[in-house]
Structures are given as C-alpha cells and as structure tokens.
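S.K.: Pasting final12.csv below, which is CSV, C-alpha atoms.
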```csv
chain,number,residue,atom,x,y,z
A,1,MET,CA,0.0,0.0,0.0
A,2,SER,CA,2.6,2.5,1.1
A,3,ARG,CA,4.7,1.6,-2.0
A,4,VAL,CA,1.8,2.3,-4.3
A,5,LEU,CA,1.3,5.7,-2.6
A,6,PHE,CA,5.0,6.4,-2.9
A,7,ALA,CA,4.9,5.6,-6.6
A,8,ALA,CA,1.9,7.8,-7.1
A,9,ALA,CA,3.6,10.6,-5.2
A,10,MET,CA,6.7,10.3,-7.4
A,11,LEU,CA,4.5,10.4,-10.5
A,12,VAL,CA,2.8,13.6,-9.3
A,13,LEU,CA,6.2,15.1,-8.5
A,14,ALA,CA,7.6,14.2,-11.9
A,15,ALA,CA,4.6,15.6,-13.6
A,16,GLY,CA,5.0,18.8,-11.6
A,17,VAL,CA,8.6,19.2,-12.8
A,18,GLN,CA,7.9,18.5,-16.4
A,19,ALA,CA,7.0,21.4,-18.7
A,20,ARG,CA,3.3,21.2,-19.6
A,21,GLY,CA,3.4,23.6,-22.6
A,22,SER,CA,4.3,22.6,-26.1
A,23,ALA,CA,7.7,24.0,-27.1
A,24,GLU,CA,6.8,23.7,-30.8
A,25,ALA,CA,3.6,25.8,-30.5
A,26,GLY,CA,5.6,28.2,-28.3
A,27,LYS,CA,8.3,28.6,-31.0
A,28,ALA,CA,5.7,29.7,-33.6
A,29,LYS,CA,4.1,32.2,-31.1
A,30,ALA,CA,7.5,33.5,-30.0
A,31,ALA,CA,8.4,34.3,-33.5
A,32,GLN,CA,5.3,36.6,-33.8
A,33,VAL,CA,5.3,38.1,-30.3
A,34,CYS,CA,8.6,37.9,-28.5
A,35,ALA,CA,11.4,37.7,-31.0
A,36,ALA,CA,11.7,41.4,-31.9
A,37,CYS,CA,12.9,42.2,-28.3
A,38,HIS,CA,14.2,38.9,-26.8
A,39,GLY,CA,15.5,37.2,-29.9
A,40,ALA,CA,13.8,34.2,-31.7
A,41,ASP,CA,15.2,31.7,-29.1
A,42,GLY,CA,15.3,34.2,-26.2
A,43,ALA,CA,19.1,34.0,-26.1
A,44,LYS,CA,20.0,37.3,-27.7
A,45,PRO,CA,17.9,40.2,-26.7
A,46,THR,CA,18.0,43.3,-28.9
A,47,ALA,CA,18.5,45.7,-26.0
A,48,PRO,CA,20.5,45.4,-22.8
A,49,GLU,CA,17.5,45.8,-20.4
A,50,ASN,CA,15.6,43.0,-22.0
A,51,PRO,CA,16.2,39.7,-20.2
A,52,ILE,CA,17.6,36.5,-21.6
A,53,LEU,CA,14.8,34.0,-21.6
A,54,ALA,CA,16.5,30.9,-23.1
A,55,GLY,CA,17.3,28.3,-20.5
A,56,GLN,CA,15.3,30.1,-17.7
A,57,TYR,CA,13.1,27.9,-15.5
A,58,TYR,CA,9.7,26.9,-17.1
A,59,ASP,CA,7.7,27.7,-14.0
A,60,TYR,CA,9.4,31.1,-13.5
A,61,LEU,CA,8.6,32.1,-17.1
A,62,VAL,CA,4.9,31.0,-16.6
A,63,LYS,CA,4.8,33.1,-13.4
A,64,ALA,CA,6.3,36.2,-15.1
A,65,LEU,CA,4.0,36.1,-18.1
A,66,SER,CA,1.0,35.4,-15.9
A,67,ASP,CA,1.9,38.4,-13.6
A,68,TYR,CA,2.4,40.7,-16.6
A,69,LYS,CA,-1.0,39.5,-18.0
A,70,SER,CA,-2.8,40.2,-14.7
A,71,GLY,CA,-1.0,43.4,-14.1
A,72,LYS,CA,0.5,42.2,-10.8
A,73,ARG,CA,3.9,42.8,-12.4
A,74,ALA,CA,3.4,46.3,-13.7
A,75,ASN,CA,5.1,46.8,-17.1
A,76,ALA,CA,3.1,48.6,-19.7
A,77,LEU,CA,5.1,47.1,-22.6
A,78,MET,CA,4.9,43.5,-21.4
A,79,LYS,CA,1.3,43.9,-20.4
A,80,GLY,CA,0.5,44.7,-23.9
A,81,PHE,CA,2.1,41.5,-25.1
A,82,ALA,CA,0.9,39.2,-22.3
A,83,GLU,CA,-2.7,40.3,-22.0
A,84,PRO,CA,-3.9,38.6,-25.2
A,85,LEU,CA,-2.1,35.3,-24.3
A,86,SER,CA,-4.2,32.4,-23.1
A,87,LYS,CA,-2.9,30.2,-20.3
A,88,LYS,CA,-2.0,27.6,-22.9
A,89,GLU,CA,-0.1,30.1,-25.0
A,90,ILE,CA,1.8,31.2,-21.9
A,91,GLU,CA,2.7,27.6,-21.1
A,92,ASP,CA,3.8,27.0,-24.7
A,93,LEU,CA,6.0,30.1,-24.7
A,94,ALA,CA,7.6,29.1,-21.4
A,95,ALA,CA,8.2,25.6,-22.7
A,96,TRP,CA,9.9,27.0,-25.8
A,97,PHE,CA,12.2,29.4,-24.0
A,98,ALA,CA,13.0,27.1,-21.1
A,99,SER,CA,14.2,24.5,-23.6
A,100,GLN,CA,16.5,26.8,-25.5
A,101,LYS,CA,20.2,27.3,-24.9
A,102,SER,CA,21.9,30.5,-23.7
A,103,ASN,CA,24.6,31.7,-21.3
A,104,LEU,CA,22.0,31.8,-18.6
A,105,HIS,CA,22.9,29.4,-15.8
A,106,PHE,CA,22.6,28.7,-12.1
A,107,GLN,CA,25.1,30.7,-10.2
A,108,ARG,CA,25.8,30.7,-6.5
B,1,MET,CA,3.7,91.0,-17.1
B,2,ALA,CA,6.6,90.4,-19.5
B,3,GLN,CA,9.0,90.9,-16.6
B,4,ARG,CA,7.1,88.3,-14.6
B,5,ILE,CA,7.3,85.8,-17.5
B,6,ARG,CA,11.1,86.4,-17.7
B,7,LEU,CA,11.4,85.9,-13.9
B,8,ILE,CA,9.5,82.6,-14.1
B,9,ALA,CA,11.6,81.5,-17.1
B,10,ALA,CA,14.8,82.3,-15.1
B,11,ALA,CA,13.6,80.4,-12.1
B,12,ALA,CA,12.7,77.4,-14.3
B,13,ALA,CA,16.1,77.5,-15.9
B,14,LEU,CA,17.8,77.7,-12.5
B,15,ALA,CA,15.8,74.7,-11.3
B,16,ALA,CA,16.7,72.7,-14.4
B,17,ALA,CA,20.4,73.5,-13.9
B,18,CYS,CA,20.3,72.5,-10.2
B,19,GLY,CA,18.6,69.3,-11.2
B,20,ALA,CA,21.2,68.5,-13.8
B,21,GLY,CA,24.0,69.3,-11.4
B,22,ALA,CA,22.6,67.1,-8.6
B,23,GLN,CA,22.3,64.1,-10.8
B,24,GLN,CA,25.0,61.5,-10.0
B,25,PRO,CA,26.5,59.3,-12.8
B,26,ALA,CA,25.3,55.7,-12.6
B,27,PRO,CA,27.8,53.7,-10.5
B,28,VAL,CA,29.9,51.2,-12.3
B,29,GLY,CA,29.4,47.6,-11.1
B,30,ASP,CA,32.4,45.7,-9.7
B,31,PRO,CA,31.9,41.9,-9.5
B,32,GLN,CA,34.7,41.7,-6.9
B,33,GLU,CA,32.9,44.1,-4.6
B,34,ALA,CA,29.8,41.9,-5.0
B,35,HIS,CA,31.4,39.0,-3.2
B,36,LYS,CA,30.8,40.8,0.1
B,37,LYS,CA,27.1,41.3,-0.8
B,38,ILE,CA,25.9,38.1,-2.3
B,39,ALA,CA,25.2,36.4,1.1
B,40,MET,CA,21.6,37.7,1.0
B,41,CYS,CA,21.1,36.4,-2.5
B,42,GLU,CA,22.6,32.9,-1.9
B,43,GLY,CA,19.9,31.8,0.5
B,44,CYS,CA,17.5,31.4,-2.5
B,45,HIS,CA,19.4,31.9,-5.8
B,46,GLY,CA,22.5,30.0,-4.5
B,47,ILE,CA,20.6,26.7,-4.0
B,48,PRO,CA,20.3,24.6,-7.1
B,49,GLY,CA,16.7,24.2,-8.1
B,50,TYR,CA,15.4,26.2,-5.2
B,51,ARG,CA,11.7,27.1,-5.3
B,52,THR,CA,10.0,30.0,-3.5
B,53,ALA,CA,7.2,28.8,-1.2
B,54,TYR,CA,5.6,32.2,-0.8
B,55,PRO,CA,3.4,33.7,-2.2
B,56,ASP,CA,3.5,31.0,-5.0
B,57,VAL,CA,5.6,28.0,-5.6
B,58,TYR,CA,8.0,28.3,-8.5
B,59,HIS,CA,11.8,28.1,-9.2
B,60,VAL,CA,13.6,31.3,-8.4
B,61,PRO,CA,15.1,32.5,-11.6
B,62,LYS,CA,18.6,31.7,-12.8
B,63,LEU,CA,20.7,34.9,-12.6
B,64,GLY,CA,24.1,33.7,-14.0
B,65,GLY,CA,24.8,35.1,-17.4
B,66,GLN,CA,21.7,37.4,-17.3
B,67,GLN,CA,22.0,40.9,-18.9
B,68,ALA,CA,23.3,43.4,-16.3
B,69,ALA,CA,20.9,46.2,-17.3
B,70,TYR,CA,18.0,43.8,-16.8
B,71,LEU,CA,19.2,42.8,-13.4
B,72,ILE,CA,19.6,46.5,-12.4
B,73,ALA,CA,16.1,47.3,-13.7
B,74,ALA,CA,14.7,44.3,-11.8
B,75,LEU,CA,16.3,45.2,-8.5
B,76,ASN,CA,15.3,48.9,-9.0
B,77,ALA,CA,11.7,47.7,-9.6
B,78,TYR,CA,11.7,45.7,-6.4
B,79,ARG,CA,13.3,48.6,-4.4
B,80,SER,CA,10.6,51.1,-5.7
B,81,GLY,CA,7.8,48.6,-5.0
B,82,GLN,CA,6.9,48.3,-8.7
B,83,ARG,CA,7.6,44.6,-8.4
B,84,SER,CA,5.9,43.0,-5.5
B,85,HIS,CA,7.7,39.8,-4.3
B,86,PRO,CA,7.8,40.3,-0.5
B,87,SER,CA,11.3,38.9,0.1
B,88,MET,CA,12.8,40.6,-2.9
B,89,ARG,CA,11.3,43.9,-1.9
B,90,GLY,CA,12.8,43.6,1.6
B,91,ILE,CA,16.2,42.8,0.2
B,92,ALA,CA,16.2,45.4,-2.5
B,93,ALA,CA,15.2,48.1,0.0
B,94,SER,CA,18.5,47.6,1.7
B,95,LEU,CA,20.6,48.0,-1.4
B,96,SER,CA,22.3,51.2,-2.7
B,97,ASP,CA,22.7,52.0,-6.4
B,98,LYS,CA,26.3,50.8,-6.1
B,99,ASP,CA,25.3,47.5,-4.4
B,100,ILE,CA,22.8,46.9,-7.3
B,101,ALA,CA,25.4,47.7,-9.9
B,102,ASP,CA,27.9,45.4,-8.2
B,103,LEU,CA,25.5,42.5,-7.9
B,104,ALA,CA,24.4,42.9,-11.5
B,105,ALA,CA,28.0,42.9,-12.7
B,106,TYR,CA,28.6,39.8,-10.6
B,107,TYR,CA,25.8,37.7,-12.0
B,108,ALA,CA,26.0,39.0,-15.6
B,109,GLY,CA,29.7,38.3,-15.7
B,110,GLY,CA,29.1,34.6,-15.0
B,111,HIS,CA,31.5,34.4,-12.1
B,112,LYS,CA,31.2,30.9,-10.8
```
Would you encode the structure as structure tokens?

M.R.:
Amino acid sequence: MSRVLFAAAMLVLAAGVQARGSAEAGKAKAAQVCAACHGADGAKPTAPENPILAGQYYDYLVKALSDYKSGKRANALMKGFAEPLSKKEIEDLAAWFASQKSNLHFQR
Amino acid sequence: MAQRIRLIAAAAALAAACGAGAQQPAPVGDPQEAHKKIAMCEGCHGIPGYRTAYPDVYHVPKLGGQQAAYLIAALNAYRSGQRSHPSMRGIAASLSDKDIADLAAYYAGGHK
C-alpha cells in the first residue's frame, strides 16, 4: 500500500517538474510576439535591459508572463504582449524558451 | 507681465540647472565588490533548483549570465515597490545603487 502511494507521489512530482506547454507551439508564437525584443530563441535580446529567456526555468517564465497579464507585475510594454495570451499560450512560450540554450545558468 | 514671465523662465532654468548638477552618474558595477554582498542572494538563488514557497511555488530565476541592465532594472523595480515579491522587496530596499550595480556585474559576468 505504502509503495503504491509512494509511486503515485513520485509520478505527481515528476509531472510537476515536467513542462506542460508545447515548445513547438511556443516557437511559432514566440516568432510573432517575443522575437523582436528577446531574440527568436530568447538567447540574444536586442536591448541590454531585455532579459535573456533561453534556459530560464519553465515555471518562473509562466509566473512572469501570468503576472504581466494580470498586471501584478506592472510593465506597460509587457502587459500589452501578455494580456492577449491564453494560459495555454503562456505555457507553450515558457516551454519553448525554457528548452533553448543560452549563457543563462545557475550561479551561486 | 513680460518681466514676470522672464522671472518665471529664469527660475525654471535655474531649477533645471540645479537638477542636472545634482544628478549622479550611474555607479559602475564591480563583481569583486559583490562577493561581500551576495550572502543575501545565496539563500535562495544560490541553492540549485530552489523554489519559493511564498506567495507562489516556482523556481527562483537563474541569474548567472543574465543581462546586467535587466538585473539592475529588476532590483530597482523591487526597491521602488513596482515589483511585488515580498522577500525581494525587503532585500532590494537595503541596497544602494552601487550595491545593485555590483550584484548585476557579478551575476552578468558569469562568475562561478
């Protein structure tokens, strides 16, 4: 019994870690909406104050876009882009950028 | 009337000149200086895969290799209250412009 519960808990944990969005769908959306400022793969932003998105954590990207959409993170420019996005589109974009390579890395 | 307008214009010019004079140049970040200041960042950003538990659960962002100007803008936004994460607001409130520039230089420079 406890082993079944443990296995179930591990599955839930694994699902939580895994990106839920579709990186392929995100790639197409990113090309239309994000690429002009963050670069197509999010690795080479076109201005120094625009963040690198490639390789960032999936759930952080979902959180950032959701907060821009809701206005919790106040940024007039990003609100304009995030507001029309559905939850699914946000997850797709996050999956795309999280799966791309850049210099972004964990640093102590 | 004309004299009064001239007086107002002179006052405005003086105020503008004082404003310009009082403006400090943006401090230049020094990654070495940041070594004394990263203790407060490490508790969350220095733990691989660390997640915030409040107010929501998600990974704290990777900072290494991020653009310095973005990191400065983010810390300024936390300090001014424009960005609302409670712990980040508390930490940013204690930082000077120089601290922020040093920390941004440290993380952007990719110092391991």

S.K.: Suppose you want the space between atom CA of A:Arg108 and atom CA of A:Asn75; what is it in Å?

M.R.: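 Computing the Euclidean distance for atom CA of A:Arg108 and atom CA of A:Asn75 yields 28.3 Å.
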
S.K.: With only C-alpha atoms as the basis for distance, which of A:Gly42, A:Pro51, A:Gly80, A:Gly21 is at the shortest distance from A:Phe97?

M.R.: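 Nearest candidate to A:Phe97 out of A:Gly42, A:Pro51, A:Gly80, A:Gly21: A:Gly42.
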
S.K.: Residues of chain A were defined as contacting chain B if any atom lay at most 8 Å from it, counting only C-alpha atoms; please report them as a list in words.

M.R.: Pro48, Glu49, Asn50, Pro51, Ile52, Gln56, Tyr57, Asp59, Tyr60, Lys63, Lys72, Arg73, Ala74, Asn103, Leu104, His105, Phe106, Gln107 and Arg108 of chain A

S.K.: Pick out the residues sitting within 7 Å of A:Ser102, and hand them over as a list in words; count all atoms listed in the file, and ignore anything fewer than 5 positions along from it in its own chain.

M.R.: Ala43, Ala54 and Gly55 of chain A

S.K.: My list of candidates is B:Pro31, B:Asp97, B:Gly90, B:Leu103. Which is closest to B:Tyr78 when distances are computed with all atoms listed in the file?

M.R.: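 Checking each of B:Pro31, B:Asp97, B:Gly90, B:Leu103 against B:Tyr78, counting all atoms listed in the file, the winner is B:Gly90.
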
S.K.: Could you jot down the atom CA of B:Ser96 to atom CA of B:Gly81 separation for me, Å, one decimal place?

M.R.: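 Going from atom CA of B:Ser96 over to atom CA of B:Gly81, I get 14.9 Å.
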
S.K.: Which distance in Å separates atom CA of B:Met40 and atom CA of B:Arg89, to one decimal?

M.R.: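 Straight-line distance from atom CA of B:Met40 to atom CA of B:Arg89 works out to 12.4 Å.
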
S.K.: Give the answer as one residue: which of A:Lys44, A:Val33, A:Tyr58, A:Pro84 has the shortest atom-to-atom distance to A:Trp96, using all atoms listed in the file?

M.R.: A:Tyr58
